[in-house]
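A.B. asks: You'll find work_10.tsv just under this line, and it carries TSV, C-alpha atoms.
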chain	number	residue	atom	x	y	z
A	1	MET	CA	76.71	31.59	66.07
A	2	GLY	CA	77.64	28.06	67.18
A	3	MET	CA	75.30	25.11	67.64
A	4	HIS	CA	73.82	26.69	70.78
A	5	LEU	CA	70.35	25.26	70.14
A	6	GLN	CA	71.46	21.70	69.39
A	7	GLY	CA	68.79	19.25	70.53
A	8	LYS	CA	66.15	21.95	70.94
A	9	VAL	CA	62.78	22.04	69.20
A	10	ALA	CA	61.48	25.47	68.29
A	11	ALA	CA	58.20	26.60	66.76
A	12	VAL	CA	57.91	29.89	64.89
A	13	THR	CA	54.58	31.36	63.82
A	14	GLY	CA	54.39	33.52	60.72
A	15	ALA	CA	57.46	31.56	59.63
A	16	ALA	CA	57.14	31.64	55.86
A	17	SER	CA	58.50	35.17	55.42
A	18	GLY	CA	59.98	38.23	57.09
A	19	ILE	CA	61.08	38.07	60.73
A	20	GLY	CA	59.67	34.57	61.17
A	21	LEU	CA	61.67	33.14	58.29
A	22	ALA	CA	64.83	34.95	59.35
A	23	THR	CA	64.49	33.63	62.91
A	24	ALA	CA	63.73	30.09	61.79
A	25	THR	CA	66.78	30.18	59.51
A	26	ALA	CA	68.99	31.33	62.38
A	27	MET	CA	67.59	28.64	64.67
A	28	VAL	CA	68.29	25.90	62.14
A	29	ALA	CA	71.83	27.22	61.75
A	30	ALA	CA	72.20	27.00	65.55
A	31	GLY	CA	71.23	23.33	65.56
A	32	ALA	CA	67.52	23.46	66.39
A	33	ARG	CA	64.75	21.52	64.78
A	34	VAL	CA	62.21	24.14	63.78
A	35	VAL	CA	58.48	23.65	63.24
A	36	MET	CA	57.53	26.45	60.90
A	37	VAL	CA	53.93	27.57	61.32
A	38	ASP	CA	52.15	29.59	58.67
A	39	ARG	CA	48.87	29.60	56.77
A	40	ASP	CA	50.54	29.88	53.33
A	41	GLU	CA	51.01	26.20	52.52
A	42	GLN	CA	52.86	26.63	49.23
A	43	LEU	CA	55.29	29.27	50.48
A	44	LEU	CA	55.87	27.29	53.67
A	45	ALA	CA	56.71	24.15	51.67
A	46	ARG	CA	59.24	26.07	49.56
A	47	VAL	CA	61.09	27.64	52.46
A	48	CYS	CA	61.17	24.38	54.43
A	49	GLU	CA	62.65	22.62	51.41
A	50	GLN	CA	65.34	25.29	51.24
A	51	LEU	CA	66.17	24.93	54.94
A	52	GLY	CA	66.38	21.14	54.80
A	53	GLU	CA	65.37	18.34	57.13
A	54	ALA	CA	65.65	20.45	60.28
A	55	ALA	CA	62.65	22.55	59.16
A	56	THR	CA	59.16	21.05	59.31
A	57	PRO	CA	56.05	22.80	57.94
A	58	LEU	CA	52.87	23.06	60.00
A	59	VAL	CA	50.03	24.76	58.16
A	60	ILE	CA	47.70	26.63	60.54
A	61	ASP	CA	45.56	29.70	60.00
A	62	LEU	CA	45.83	31.33	63.41
A	63	LEU	CA	42.94	33.65	62.59
A	64	VAL	CA	40.60	30.66	63.03
A	65	PRO	CA	40.24	30.21	66.82
A	66	ASP	CA	39.70	26.45	66.66
A	67	ASN	CA	42.88	26.11	64.60
A	68	CYS	CA	44.95	27.70	67.37
A	69	ALA	CA	44.18	24.66	69.52
A	70	THR	CA	45.98	22.45	66.99
A	71	LEU	CA	49.32	24.22	67.45
A	72	LEU	CA	50.83	22.20	70.28
A	73	PRO	CA	49.39	18.82	69.17
A	74	GLY	CA	50.74	19.50	65.68
A	75	ILE	CA	54.19	20.34	67.03
A	76	LEU	CA	54.30	17.29	69.28
A	77	ALA	CA	53.15	15.04	66.44
A	78	VAL	CA	56.11	16.00	64.25
A	79	ALA	CA	58.78	16.83	66.83
A	80	GLY	CA	57.84	15.19	70.13
A	81	GLN	CA	58.60	18.19	72.35
A	82	LEU	CA	58.71	21.98	72.40
A	83	ASP	CA	61.53	24.01	73.92
A	84	ILE	CA	61.07	27.39	72.21
A	85	LEU	CA	58.03	29.27	70.93
A	86	HIS	CA	58.55	32.39	68.87
A	87	ALA	CA	55.05	33.87	68.63
A	88	ASN	CA	55.76	36.09	65.67
A	89	ALA	CA	52.69	36.08	63.41
A	90	GLY	CA	51.03	39.47	63.13
A	91	CYS	CA	49.57	42.04	60.79
A	92	TYR	CA	49.33	45.79	60.53
A	93	VAL	CA	46.71	48.51	60.16
A	94	GLY	CA	47.90	52.10	60.10
A	95	GLY	CA	46.85	55.52	58.92
A	96	GLU	CA	43.99	57.72	60.04
A	97	PHE	CA	41.84	55.81	62.51
A	98	VAL	CA	38.58	57.19	61.09
A	99	ASP	CA	39.56	55.74	57.70
A	100	ASN	CA	40.41	52.26	59.00
A	101	ASP	CA	38.26	49.33	57.91
A	102	VAL	CA	36.53	47.74	60.91
A	103	ALA	CA	36.98	44.21	59.52
A	104	ALA	CA	40.70	44.84	59.08
A	105	ILE	CA	40.90	46.12	62.65
A	106	ASP	CA	39.20	42.98	63.97
A	107	ARG	CA	41.53	40.77	61.95
A	108	MET	CA	44.61	42.56	63.27
A	109	LEU	CA	43.48	42.47	66.90
A	110	ASN	CA	42.65	38.77	66.61
A	111	LEU	CA	46.05	37.90	65.15
A	112	ASN	CA	48.22	40.31	67.13
A	113	ILE	CA	46.58	39.67	70.51
A	114	ASN	CA	44.11	36.78	70.68
A	115	ALA	CA	46.17	34.27	68.69
A	116	VAL	CA	49.31	35.07	70.68
A	117	VAL	CA	47.46	34.68	73.99
A	118	ARG	CA	45.98	31.36	72.87
A	119	ASN	CA	49.29	30.03	71.59
A	120	VAL	CA	51.15	30.91	74.78
A	121	HIS	CA	48.31	29.55	76.93
A	122	ASP	CA	48.37	26.23	75.10
A	123	VAL	CA	52.13	25.62	75.16
A	124	LEU	CA	52.73	26.61	78.79
A	125	PRO	CA	51.44	23.39	80.41
A	126	HIS	CA	53.87	21.39	78.25
A	127	MET	CA	56.77	23.64	79.21
A	128	ILE	CA	55.80	23.69	82.89
A	129	ALA	CA	55.65	19.90	82.95
A	130	ARG	CA	59.16	19.75	81.45
A	131	GLY	CA	60.48	22.43	83.79
A	132	GLN	CA	61.97	24.51	81.02
A	133	GLY	CA	61.16	26.60	77.98
A	134	ASP	CA	61.55	29.89	76.18
A	135	ILE	CA	58.80	32.08	74.78
A	136	VAL	CA	59.66	35.10	72.66
A	137	VAL	CA	56.90	37.31	71.28
A	138	THR	CA	57.39	39.76	68.44
A	139	GLY	CA	56.18	43.09	69.75
A	140	SER	CA	56.96	46.52	68.34
A	141	VAL	CA	58.42	49.84	69.34
A	142	ALA	CA	54.80	50.92	68.87
A	143	GLY	CA	54.10	48.98	72.08
A	144	HIS	CA	56.35	51.38	73.98
A	145	PHE	CA	55.65	54.69	72.27
A	146	PRO	CA	52.30	56.12	71.09
A	147	VAL	CA	52.87	56.23	67.33
A	148	PRO	CA	50.32	58.72	65.97
A	149	TRP	CA	49.80	57.11	62.57
A	150	GLU	CA	49.00	53.64	63.95
A	151	PRO	CA	46.66	53.94	66.95
A	152	VAL	CA	45.09	50.48	66.74
A	153	TYR	CA	48.33	48.69	65.87
A	154	SER	CA	50.01	50.47	68.78
A	155	ALA	CA	47.16	49.42	71.05
A	156	SER	CA	47.62	45.79	70.04
A	157	LYS	CA	51.34	45.90	70.82
A	158	TRP	CA	50.84	47.73	74.13
A	159	ALA	CA	48.43	44.94	75.07
A	160	ILE	CA	50.95	42.26	74.12
A	161	ASN	CA	53.72	44.01	76.01
A	162	GLY	CA	51.58	43.95	79.15
A	163	PHE	CA	50.68	40.31	78.55
A	164	VAL	CA	54.30	39.24	78.07
A	165	GLN	CA	55.56	40.98	81.18
A	166	THR	CA	52.82	39.65	83.47
A	167	VAL	CA	52.99	36.07	82.18
A	168	ARG	CA	56.77	36.19	82.59
A	169	ARG	CA	56.33	36.91	86.28
A	170	GLN	CA	53.85	34.05	86.70
A	171	VAL	CA	56.02	31.34	85.11
A	172	LYS	CA	59.57	32.38	85.98
A	173	HIS	CA	59.69	29.86	88.83
A	174	HIS	CA	58.98	27.03	86.38
A	175	GLY	CA	62.23	27.46	84.48
A	176	ILE	CA	60.45	29.30	81.66
A	177	ARG	CA	61.75	32.57	80.24
A	178	VAL	CA	59.31	34.93	78.54
A	179	GLY	CA	60.35	38.05	76.67
A	180	ALA	CA	59.53	40.30	73.74
A	181	VAL	CA	61.58	41.60	70.87
A	182	SER	CA	60.26	44.99	69.81
A	183	PRO	CA	61.44	46.16	66.38
A	184	GLY	CA	61.23	49.52	64.79
A	185	PRO	CA	60.38	49.58	61.08
A	186	VAL	CA	61.51	46.36	59.38
A	187	SER	CA	61.76	45.85	55.65
A	188	SER	CA	59.02	43.21	55.31
A	189	ALA	CA	55.56	42.58	53.89
A	190	LEU	CA	54.01	44.47	56.82
A	191	LEU	CA	55.23	47.73	55.31
A	192	ALA	CA	52.85	47.24	52.39
A	193	ASP	CA	50.16	48.57	54.74
A	194	TRP	CA	52.13	51.63	55.81
A	195	PRO	CA	50.87	55.06	54.75
A	196	GLU	CA	52.76	55.77	51.52
A	197	GLU	CA	54.21	59.04	52.77
A	198	ASN	CA	55.64	57.41	55.90
A	199	LEU	CA	57.16	54.59	53.87
A	200	ARG	CA	58.72	57.05	51.42
A	201	LYS	CA	60.28	59.04	54.25
A	202	ALA	CA	61.60	55.92	55.99
A	203	LYS	CA	63.26	54.62	52.84
A	204	ALA	CA	64.76	58.02	52.02
A	205	SER	CA	66.25	58.42	55.51
A	206	GLY	CA	67.53	54.87	55.90
A	207	SER	CA	65.14	54.29	58.79
A	208	LEU	CA	64.53	50.60	58.09
A	209	ILE	CA	66.22	47.45	59.34
A	210	GLU	CA	66.17	43.92	57.93
A	211	PRO	CA	64.48	40.78	59.30
A	212	HIS	CA	67.87	39.20	60.03
A	213	ASP	CA	68.59	42.06	62.44
A	214	ILE	CA	65.60	40.99	64.52
A	215	ALA	CA	66.56	37.33	64.22
A	216	ASP	CA	69.97	38.24	65.67
A	217	ALA	CA	68.22	39.83	68.65
A	218	VAL	CA	66.01	36.77	69.21
A	219	MET	CA	69.02	34.48	69.07
A	220	TYR	CA	70.82	36.65	71.62
A	221	MET	CA	67.83	36.33	73.95
A	222	LEU	CA	67.66	32.56	73.55
A	223	THR	CA	71.35	31.89	74.04
A	224	ARG	CA	71.86	33.67	77.36
A	225	PRO	CA	72.64	31.50	80.41
A	226	ARG	CA	69.46	30.15	81.98
A	227	ASN	CA	69.81	32.50	84.94
A	228	VAL	CA	69.53	35.48	82.57
A	229	THR	CA	66.27	36.70	81.02
A	230	ILE	CA	66.19	39.42	78.39
A	231	ARG	CA	62.78	40.79	79.31
A	232	ASP	CA	62.39	43.12	76.35
A	233	MET	CA	64.70	44.13	73.55
A	234	ILE	CA	63.90	47.18	71.43
A	235	VAL	CA	65.72	47.10	68.09
A	236	LEU	CA	65.69	50.33	66.09
A	237	PRO	CA	67.25	51.56	62.87
A	238	SER	CA	69.96	54.01	63.90
A	239	ALA	CA	68.38	56.72	61.76
A	240	PHE	CA	64.86	56.17	63.09
A	241	ASP	CA	63.56	59.26	64.87
A	242	MET	CA	61.64	57.97	67.90
Any chance you could put this one into C-alpha cells?

C.D. replies:
Amino acid sequence: MGMHLQGKVAAVTGAASGIGLATATAMVAAGARVVMVDRDEQLLARVCEQLGEAATPLVIDLLVPDNCATLLPGILAVAGQLDILHANAGCYVGGEFVDNDVAAIDRMLNLNINAVVRNVHDVLPHMIARGQGDIVVTGSVAGHFPVPWEPVYSASKWAINGFVQTVRRQVKHHGIRVGAVSPGPVSSALLADWPEENLRKAKASGSLIEPHDIADAVMYMLTRPRNVTIRDMIVLPSAFDM
C-alpha cells in the first residue's frame, strides 16, 4: 500500500484494539493522520505512542450520549478537518435470547446503533460543506444472515446495514461515499462473549480471520477512484460455513 491517504485526516472509533487498531495502523502507513477514538485512555495512549506522531488519541465514551456530540469538535480541535470516519466501535451479546441480560442488550444496541447514527449525523455537515468524505461502518455478516445464536446482535447489524445504505443514497451527490465492511468471525476481544461451544468449533475449523484482514478491506474501499463506491464488502474466513 502506497501513501494513498497522504494529506487525509481519518477518525476511527473503537481504535485501541482489534479491527479499529488494525485499520488505524493501515491508515497511518498510507499517509493519513488518524484521530484514534476510544474510551480506554491508557490503552489508547500506548497504541498512539507506538504509531507515532500521525496518531492522535481522543478519549470518548460513546455509550454516553452527550459525549457523542464531542466527537467532531474533538477531531477538529486536534486535526482541523475530517476526511474519513471509520465508525467501528461495537460490542456483542450472543447466546440464547431468553438468557441475555437486559442491561447488556441495551448497552449493545446503544453502541452498535445509536452511537453510530449520532456519529455519522454529526460529521456529515462538515463533509457536505467540504464536498467530500468517506464513511465506513463496521457491520457484520450477521447483518446479512439471521445467525441463530445471536438474535439481538444480528438485529443491531441489520439495522446498521439499512442505515448505511439509505444514508449513502442521500449523500452521494455531495461527494461523500458511505459503505459498510461486514466481517465474519474475527479473532478479537468481541469473541470473549461468544458461546464457548461456538468459539471452540470456530477455532478447531479455522473459521476465524484476523483484524488486519478487515483493515485490508477498509483500505481497498477507501482507495478506489472517487467515482467508485464499494457499498458493502462481506469478508469471511474461507472455512466459515455460512

A.B. asks: Pick from A:Glu41, A:Asp122, A:Asp106, A:Glu96: nearest to Leu72 in chain A, with all atoms listed in the file counted?

C.D. replies: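 Among the listed residues, the smallest separation from Leu72 in chain A belongs to A:Asp122.
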
A.B. asks: For CA of Ser140 in chain A and CA of Val181 in chain A, quote the distance in Å rounded to one decimal.

C.D. replies: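 Value for the CA of Ser140 in chain A-CA of Val181 in chain A distance: 7.2 Å.
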
A.B. asks: Could you state the separation of CA of Ile128 in chain A and CA of Thr70 in chain A in Å, given to one decimal place?

C.D. replies: 18.7 Å

A.B. asks: Can you pull out every residue within 12 Å of Gly206 in chain A, counting only C-alpha atoms, but drop anything in the same chain fewer than 3 positions away, and send it as a ChimeraX atom specification?

C.D. replies: /A:185-187,199-203,209-210,236-241

A.B. asks: Name the residues in contact with range 90-92 of chain A at a cut-off of 12 Å, using all atoms listed in the file, excluding same-chain residues fewer than 4 positions from it; report them as an mmCIF file with C-alpha atoms, in the coordinates of the input.

C.D. replies:
data_model
loop_
_atom_site.group_PDB
_atom_site.id
_atom_site.type_symbol
_atom_site.label_atom_id
_atom_site.label_comp_id
_atom_site.auth_asym_id
_atom_site.auth_seq_id
_atom_site.Cartn_x
_atom_site.Cartn_y
_atom_site.Cartn_z
ATOM 1 C CA VAL A 12 57.910 29.890 64.890
ATOM 2 C CA THR A 13 54.580 31.360 63.820
ATOM 3 C CA GLY A 14 54.390 33.520 60.720
ATOM 4 C CA ALA A 15 57.460 31.560 59.630
ATOM 5 C CA SER A 17 58.500 35.170 55.420
ATOM 6 C CA GLY A 18 59.980 38.230 57.090
ATOM 7 C CA ILE A 19 61.080 38.070 60.730
ATOM 8 C CA GLY A 20 59.670 34.570 61.170
ATOM 9 C CA ASP A 38 52.150 29.590 58.670
ATOM 10 C CA ARG A 39 48.870 29.600 56.770
ATOM 11 C CA ASP A 61 45.560 29.700 60.000
ATOM 12 C CA LEU A 62 45.830 31.330 63.410
ATOM 13 C CA LEU A 63 42.940 33.650 62.590
ATOM 14 C CA HIS A 86 58.550 32.390 68.870
ATOM 15 C CA ASN A 100 40.410 52.260 59.000
ATOM 16 C CA ASP A 101 38.260 49.330 57.910
ATOM 17 C CA ALA A 104 40.700 44.840 59.080
ATOM 18 C CA ILE A 105 40.900 46.120 62.650
ATOM 19 C CA ASP A 106 39.200 42.980 63.970
ATOM 20 C CA ARG A 107 41.530 40.770 61.950
ATOM 21 C CA MET A 108 44.610 42.560 63.270
ATOM 22 C CA LEU A 109 43.480 42.470 66.900
ATOM 23 C CA ASN A 110 42.650 38.770 66.610
ATOM 24 C CA LEU A 111 46.050 37.900 65.150
ATOM 25 C CA ASN A 112 48.220 40.310 67.130
ATOM 26 C CA ILE A 113 46.580 39.670 70.510
ATOM 27 C CA ASN A 114 44.110 36.780 70.680
ATOM 28 C CA ALA A 115 46.170 34.270 68.690
ATOM 29 C CA VAL A 116 49.310 35.070 70.680
ATOM 30 C CA VAL A 137 56.900 37.310 71.280
ATOM 31 C CA THR A 138 57.390 39.760 68.440
ATOM 32 C CA GLY A 139 56.180 43.090 69.750
ATOM 33 C CA SER A 140 56.960 46.520 68.340
ATOM 34 C CA ALA A 142 54.800 50.920 68.870
ATOM 35 C CA TRP A 149 49.800 57.110 62.570
ATOM 36 C CA GLU A 150 49.000 53.640 63.950
ATOM 37 C CA PRO A 151 46.660 53.940 66.950
ATOM 38 C CA VAL A 152 45.090 50.480 66.740
ATOM 39 C CA TYR A 153 48.330 48.690 65.870
ATOM 40 C CA SER A 154 50.010 50.470 68.780
ATOM 41 C CA ALA A 155 47.160 49.420 71.050
ATOM 42 C CA SER A 156 47.620 45.790 70.040
ATOM 43 C CA LYS A 157 51.340 45.900 70.820
ATOM 44 C CA ILE A 160 50.950 42.260 74.120
ATOM 45 C CA PRO A 185 60.380 49.580 61.080
ATOM 46 C CA SER A 188 59.020 43.210 55.310
ATOM 47 C CA ALA A 189 55.560 42.580 53.890
ATOM 48 C CA LEU A 190 54.010 44.470 56.820
ATOM 49 C CA LEU A 191 55.230 47.730 55.310
ATOM 50 C CA ALA A 192 52.850 47.240 52.390
ATOM 51 C CA ASP A 193 50.160 48.570 54.740
ATOM 52 C CA TRP A 194 52.130 51.630 55.810
ATOM 53 C CA PRO A 195 50.870 55.060 54.750
#

A.B. asks: Pick out the closest residue to Gln165 in chain A from this set: A:Ile230, A:Val235, A:Ala204, A:Ala22. Count only C-alpha atoms.

C.D. replies: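 The answer is A:Ile230, which sits nearest to Gln165 in chain A.
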
A.B. asks: State, in Å with one decimal place, the distance from CA of Val28 in chain A to CA of Pro125 in chain A.

C.D. replies: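 One can read the CA of Val28 in chain A to CA of Pro125 in chain A distance as 25.0 Å.
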